[in-house]
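File shown here: coords.cif, holding mmCIF, C-alpha atoms.
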```cif
data_target
loop_
_atom_site.label_atom_id
_atom_site.label_comp_id
_atom_site.auth_asym_id
_atom_site.auth_seq_id
_atom_site.Cartn_x
_atom_site.Cartn_y
_atom_site.Cartn_z
CA MET H 1 0.00 0.00 0.00
CA LYS H 2 1.11 3.52 -0.78
CA TYR H 3 0.02 6.37 1.49
CA LEU H 4 -0.75 10.04 0.95
CA LEU H 5 -1.71 11.39 4.36
CA THR H 6 -3.19 14.87 4.50
CA SER H 7 -5.18 17.09 6.80
CA GLY H 8 -7.29 18.67 4.05
CA GLY H 9 -6.99 16.61 0.89
CA VAL H 10 -5.21 17.26 -2.38
CA SER H 11 -5.27 21.00 -1.92
CA ASN H 12 -2.31 22.24 -3.96
CA PRO H 13 -0.34 21.35 -7.11
CA SER H 14 2.54 19.67 -5.26
CA ILE H 15 0.19 17.32 -3.37
CA HIS H 16 -1.65 16.60 -6.64
CA ALA H 17 1.67 15.77 -8.34
CA ALA H 18 2.61 13.48 -5.44
CA LEU H 19 -0.76 11.72 -5.75
CA GLU H 20 -0.34 11.09 -9.46
CA GLU H 21 3.21 9.87 -8.88
CA LEU H 22 1.90 7.34 -6.35
CA LEU H 23 -0.92 6.31 -8.69
CA GLY H 24 1.39 5.99 -11.69
CA LYS H 25 -1.24 7.56 -13.95
CA PRO H 26 -3.56 10.58 -14.07
CA VAL H 27 -6.41 10.84 -11.56
CA ALA H 28 -8.87 10.83 -14.49
CA GLU H 29 -7.84 7.22 -15.28
CA CYS H 30 -8.18 5.94 -11.71
CA HIS H 31 -10.99 4.13 -9.94
CA ALA H 32 -11.60 5.35 -6.40
CA LEU H 33 -13.55 4.05 -3.44
CA CYS H 34 -14.76 6.58 -0.86
CA VAL H 35 -14.63 5.42 2.76
CA PRO H 36 -16.97 7.69 4.77
CA THR H 37 -17.00 5.53 7.93
CA ALA H 38 -15.12 7.96 10.21
CA GLN H 39 -17.83 10.57 9.68
CA TRP H 40 -20.47 8.40 11.38
CA GLY H 41 -18.49 8.49 14.63
CA HIS H 42 -18.13 12.28 14.74
CA PRO H 43 -20.84 14.44 16.33
CA MET H 44 -20.52 17.17 13.67
CA CYS H 45 -21.07 14.76 10.77
CA GLY H 46 -24.11 12.92 9.48
CA PRO H 47 -26.11 12.07 6.37
CA ALA H 48 -25.59 15.44 4.69
CA SER H 49 -21.81 15.46 5.11
CA VAL H 50 -21.49 11.82 4.04
CA ARG H 51 -23.55 12.61 0.95
CA GLY H 52 -21.31 15.59 0.19
CA PHE H 53 -18.24 13.40 0.35
CA VAL H 54 -19.53 10.54 -1.79
CA ALA H 55 -21.19 12.90 -4.29
CA ALA H 56 -17.98 14.95 -4.59
CA GLY H 57 -19.66 18.10 -3.31
CA SER H 58 -17.92 21.46 -3.32
CA ALA H 59 -16.45 21.00 0.16
CA TRP H 60 -14.72 17.84 -1.13
CA GLN H 61 -13.42 19.28 -4.43
CA HIS H 62 -9.85 18.55 -3.27
CA PHE H 63 -10.64 14.93 -2.47
CA SER H 64 -13.53 13.02 -3.99
CA GLY H 65 -14.09 15.83 -6.51
CA LEU H 66 -10.75 15.53 -8.31
CA GLY H 67 -12.25 14.01 -11.47
CA TRP H 68 -11.78 10.28 -10.87
CA ALA H 69 -12.67 7.84 -13.67
CA SER H 70 -15.13 6.26 -11.23
CA LEU H 71 -16.12 6.88 -7.65
CA GLY H 72 -17.70 4.20 -5.48
CA VAL H 73 -18.47 3.85 -1.79
CA LEU H 74 -16.96 1.39 0.68
CA GLU H 75 -18.83 1.62 4.00
CA LEU H 76 -16.83 -0.39 6.52
CA THR H 77 -19.70 -0.88 8.98
CA ALA H 78 -21.57 -2.90 6.32
CA LEU H 79 -18.71 -5.22 5.40
CA PRO H 80 -18.88 -7.71 8.32
CA SER H 81 -22.43 -8.66 7.35
CA MET H 82 -21.42 -9.38 3.72
CA GLY H 83 -18.48 -11.68 4.07
CA THR H 84 -15.13 -11.07 2.43
CA ARG H 85 -15.91 -12.97 -0.77
CA ARG H 86 -18.27 -10.18 -1.76
CA TRP H 87 -16.23 -7.03 -1.05
CA VAL H 88 -12.51 -7.88 -1.18
CA SER H 89 -12.51 -7.80 -4.99
CA TRP H 90 -13.95 -4.27 -4.91
CA VAL H 91 -10.98 -3.11 -2.86
CA GLU H 92 -8.44 -5.06 -4.91
CA GLU H 93 -9.76 -3.54 -8.15
CA ALA H 94 -9.63 0.05 -6.86
CA ASP H 95 -6.64 2.23 -7.62
CA VAL H 96 -7.22 4.40 -4.59
CA LEU H 97 -9.08 4.44 -1.27
CA LEU H 98 -10.23 7.93 -0.28
CA VAL H 99 -10.59 7.76 3.50
CA ASP H 100 -12.37 10.78 4.94
CA GLY H 101 -12.08 12.41 8.32
CA GLY H 102 -14.28 12.16 11.37
CA ASP H 103 -13.57 10.07 14.46
CA ALA H 104 -10.25 8.21 14.15
CA GLY H 105 -11.02 5.75 16.95
CA TYR H 106 -14.34 4.82 15.35
CA LEU H 107 -12.68 4.38 11.97
CA CYS H 108 -9.95 2.23 13.52
CA HIS H 109 -12.53 -0.02 15.14
CA TRP H 110 -14.38 -0.59 11.85
CA MET H 111 -11.18 -1.12 9.87
CA ARG H 112 -10.34 -3.98 12.20
CA GLU H 113 -13.89 -5.31 12.57
CA SER H 114 -14.50 -5.30 8.81
CA GLY H 115 -11.24 -7.03 7.95
CA LEU H 116 -9.93 -4.13 5.85
CA ALA H 117 -6.95 -3.65 8.19
CA ASP H 118 -5.85 -7.24 7.56
CA LEU H 119 -6.13 -6.76 3.78
CA LEU H 120 -3.99 -3.61 3.54
CA PRO H 121 -0.54 -5.29 3.45
CA ALA H 122 -1.57 -7.23 0.31
CA LEU H 123 -2.59 -4.05 -1.57
CA GLU H 124 0.88 -3.15 -2.85
CA ASP H 125 -0.26 -0.93 -5.74
CA THR H 126 -3.28 0.67 -4.08
CA VAL H 127 -3.00 4.25 -2.82
CA TRP H 128 -4.56 5.25 0.50
CA VAL H 129 -5.41 8.95 0.53
CA GLY H 130 -6.39 10.03 4.00
CA VAL H 131 -7.88 13.26 5.25
CA SER H 132 -7.62 14.02 8.98
CA ALA H 133 -8.90 10.86 10.75
CA GLY H 134 -8.34 8.99 7.49
CA SER H 135 -4.65 9.84 7.88
CA MET H 136 -4.41 9.41 11.64
CA VAL H 137 -5.91 5.91 11.55
CA VAL H 138 -2.82 4.43 9.89
CA THR H 139 -0.42 5.74 12.54
CA PRO H 140 1.07 3.32 15.09
CA ARG H 141 -0.62 4.90 18.10
CA ILE H 142 -4.24 4.63 17.08
CA GLY H 143 -6.53 2.76 19.46
CA ALA H 144 -7.22 3.15 23.18
CA TYR H 145 -3.92 4.97 23.81
CA PHE H 146 -4.70 7.46 21.02
CA VAL H 147 -8.12 8.28 22.47
CA GLU H 148 -6.60 9.00 25.90
#
```
Take the structure in the file and write it out as structure tokens.
Amino acid sequence: MKYLLTSGGVSNPSIHAALEELLGKPVAECHALCVPTAQWGHPMCGPASVRGFVAAGSAWQHFSGLGWASLGVLELTALPSMGTRRWVSWVEEADVLLVDGGDAGYLCHWMRESGLADLLPALEDTVWVGVSAGSMVVTPRIGAYFVE
């Protein structure tokens, strides 16, 4: 897995260039999955903000609104009820995971519970683009210690 960890997305030309270097091709040729899960754990987020993210609304122009070839949704809280045979291929076929901000502890829990955390080491060519909690969740101190 390749990582581009940000606090506010792909907000300037140098970050955009770094993203395309990690992807190995232009954004317009890449298939992205939006991961809105962290938003559900944050008291200032809800249905309207999740919709804005997955619909590439104006507040997300530097993230989901970059002009991806395709944009899908991967909601981690739903994955345990599906079984891995259904969703792992979706992740493996994506060029990039766009992991939004919200509550990092909540996101960490659902990454582990869903099985996504276990899959990450096998995704050598996939790019993880994190914003805020989506960046913090891949640090070594996430979990109970992080929340304290």
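The list of residues with at least one atom within 10 Å of Ala133 of chain H, based on all atoms listed in the file and without residues fewer than 5 positions apart in the same chain, reads Leu5, Thr6, Ser7, Ala38, Gln39, Val99, Asp100, Gly101, Gly102, Asp103, Ala104, Gly105, Tyr106, Leu107, Cys108 and Val138 of chain H.
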- Message: Translate the PyMOL selection byres ((chain H and resi 60) around 12) into a concrete residue list for this structure, as a PyMOL selection string.
- Response: chain H and resi 8-11+34+36+49-59+61-67+98-101+131
Put a box with edges along x, y and z around all the listed atoms of segment 135-142 of chain H, pad it by 6 Å on each side, then give me its centre and sizes in Å, one decimal, as AutoDock Vina command-line options.
```
--center_x -2.4 --center_y 6.6 --center_z 13.0 --size_x 19.0 --size_y 18.5 --size_z 22.2
```
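With all atoms listed in the file taken into account, every residue lying no more than 10 Å from the file point (4.9, 5.7, -3.1) is included here: Met1, Lys2, Tyr3, Leu4, Ala18, Leu19, Glu20, Glu21, Leu22, Leu23, Gly24, Glu124, Asp125, Thr126 and Val127 of chain H.
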Save out the residues we just selected, C-alpha atoms, as a short mmCIF file (atom, residue, chain, number, x, y, z; two decimals), in the frame of the given file.
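Dumped everything to part.cif:
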```cif
data_model
loop_
_atom_site.label_atom_id
_atom_site.label_comp_id
_atom_site.auth_asym_id
_atom_site.auth_seq_id
_atom_site.Cartn_x
_atom_site.Cartn_y
_atom_site.Cartn_z
CA MET H 1 0.00 0.00 0.00
CA LYS H 2 1.11 3.52 -0.78
CA TYR H 3 0.02 6.37 1.49
CA LEU H 4 -0.75 10.04 0.95
CA ALA H 18 2.61 13.48 -5.44
CA LEU H 19 -0.76 11.72 -5.75
CA GLU H 20 -0.34 11.09 -9.46
CA GLU H 21 3.21 9.87 -8.88
CA LEU H 22 1.90 7.34 -6.35
CA LEU H 23 -0.92 6.31 -8.69
CA GLY H 24 1.39 5.99 -11.69
CA GLU H 124 0.88 -3.15 -2.85
CA ASP H 125 -0.26 -0.93 -5.74
CA THR H 126 -3.28 0.67 -4.08
CA VAL H 127 -3.00 4.25 -2.82
#
```
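Using all atoms listed in the file, the set of residues no farther than 6 Å from the position (-17.2, -9.2, 10.9) comprises Pro80, Glu113 and Ser114 of chain H.
Applied to the file shown here, the PyMOL selection byres ((chain H and resi 88) around 12) selects H:Leu74, H:Leu76, H:Leu79, H:Pro80, H:Met82, H:Gly83, H:Thr84, H:Arg85, H:Arg86, H:Trp87, H:Ser89, H:Trp90, H:Val91, H:Glu92, H:Glu93, H:Ala94, H:Ser114, H:Gly115, H:Leu116, H:Ala117, H:Asp118, H:Leu119, H:Leu120, H:Ala122, H:Leu123.
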- Message: What does the structure give for the distance between atom CA of Glu75 of chain H and atom CA of His109 of chain H, in Å to one decimal?
- Response: 12.9 Å
- Message: From the options H:Val27, H:Thr77, H:Thr139, H:Ile15, which residue's atoms come nearest to Gly41 of chain H, counting all atoms listed in the file?
- Response: H:Thr77
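Rounded to one decimal, atom CA of Ser81 of chain H and atom CA of Val137 of chain H lie 22.4 Å from each other.
Distance check against Gly72 of chain H using only C-alpha atoms: of H:Ala32, H:Val96, H:Met111, H:Cys45, the minimum falls on H:Ala32.
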- Report the residues retrieved by the PyMOL selection byres ((chain H and resi 70) around 8) from the displayed file, expressed as a PyMOL selection string. chain H and resi 30-32+68-69+71-72
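Here atom CA of Leu33 of chain H is placed at a distance of 9.9 Å from atom CA of Trp128 of chain H.
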My structure is short of atoms at segment 27-44 of chain H; please model N, CA, C and O atoms there, returning them as a tab-separated table (two decimals), keeping the file's coordinate frame.
```tsv
chain	number	residue	atom	x	y	z
H	27	VAL	N	-5.21	11.06	-12.38
H	27	VAL	CA	-6.41	10.84	-11.56
H	27	VAL	C	-7.59	10.45	-12.44
H	27	VAL	O	-8.37	9.56	-12.09
H	28	ALA	N	-7.73	11.07	-13.60
H	28	ALA	CA	-8.87	10.83	-14.49
H	28	ALA	C	-8.93	9.40	-15.01
H	28	ALA	O	-9.96	8.98	-15.54
H	29	GLU	N	-7.86	8.63	-14.85
H	29	GLU	CA	-7.84	7.22	-15.28
H	29	GLU	C	-7.98	6.26	-14.11
H	29	GLU	O	-7.90	5.04	-14.31
H	30	CYS	N	-8.19	6.77	-12.91
H	30	CYS	CA	-8.18	5.94	-11.71
H	30	CYS	C	-9.58	5.71	-11.13
H	30	CYS	O	-10.42	6.59	-11.16
H	31	HIS	N	-9.73	4.53	-10.58
H	31	HIS	CA	-10.99	4.13	-9.94
H	31	HIS	C	-10.82	4.25	-8.43
H	31	HIS	O	-9.92	3.64	-7.85
H	32	ALA	N	-11.70	5.03	-7.83
H	32	ALA	CA	-11.60	5.35	-6.40
H	32	ALA	C	-12.77	4.78	-5.62
H	32	ALA	O	-13.89	4.69	-6.13
H	33	LEU	N	-12.50	4.40	-4.39
H	33	LEU	CA	-13.55	4.05	-3.44
H	33	LEU	C	-13.50	5.05	-2.30
H	33	LEU	O	-12.44	5.28	-1.70
H	34	CYS	N	-14.63	5.66	-1.99
H	34	CYS	CA	-14.76	6.58	-0.86
H	34	CYS	C	-15.08	5.77	0.39
H	34	CYS	O	-15.97	4.93	0.38
H	35	VAL	N	-14.37	6.07	1.47
H	35	VAL	CA	-14.63	5.42	2.76
H	35	VAL	C	-15.10	6.52	3.72
H	35	VAL	O	-14.29	7.25	4.29
H	36	PRO	N	-16.43	6.63	3.92
H	36	PRO	CA	-16.97	7.69	4.77
H	36	PRO	C	-17.10	7.30	6.24
H	36	PRO	O	-17.56	8.10	7.05
H	37	THR	N	-16.70	6.12	6.62
H	37	THR	CA	-17.00	5.53	7.93
H	37	THR	C	-16.66	6.44	9.10
H	37	THR	O	-17.44	6.53	10.05
H	38	ALA	N	-15.53	7.11	9.07
H	38	ALA	CA	-15.12	7.96	10.21
H	38	ALA	C	-16.13	9.05	10.50
H	38	ALA	O	-16.29	9.48	11.65
H	39	GLN	N	-16.84	9.51	9.48
H	39	GLN	CA	-17.83	10.57	9.68
H	39	GLN	C	-18.94	10.13	10.64
H	39	GLN	O	-19.42	10.93	11.44
H	40	TRP	N	-19.36	8.86	10.55
H	40	TRP	CA	-20.47	8.40	11.38
H	40	TRP	C	-20.14	8.46	12.87
H	40	TRP	O	-21.04	8.57	13.69
H	41	GLY	N	-18.88	8.42	13.23
H	41	GLY	CA	-18.49	8.49	14.63
H	41	GLY	C	-18.28	9.89	15.16
H	41	GLY	O	-18.00	10.07	16.34
H	42	HIS	N	-18.40	10.89	14.33
H	42	HIS	CA	-18.13	12.28	14.74
H	42	HIS	C	-19.43	13.05	14.94
H	42	HIS	O	-20.31	13.02	14.07
H	43	PRO	N	-19.57	13.76	16.05
H	43	PRO	CA	-20.84	14.44	16.33
H	43	PRO	C	-21.20	15.58	15.37
H	43	PRO	O	-22.35	15.97	15.29
H	44	MET	N	-20.23	16.09	14.61
H	44	MET	CA	-20.52	17.17	13.67
H	44	MET	C	-20.81	16.66	12.25
H	44	MET	O	-21.00	17.46	11.34
```
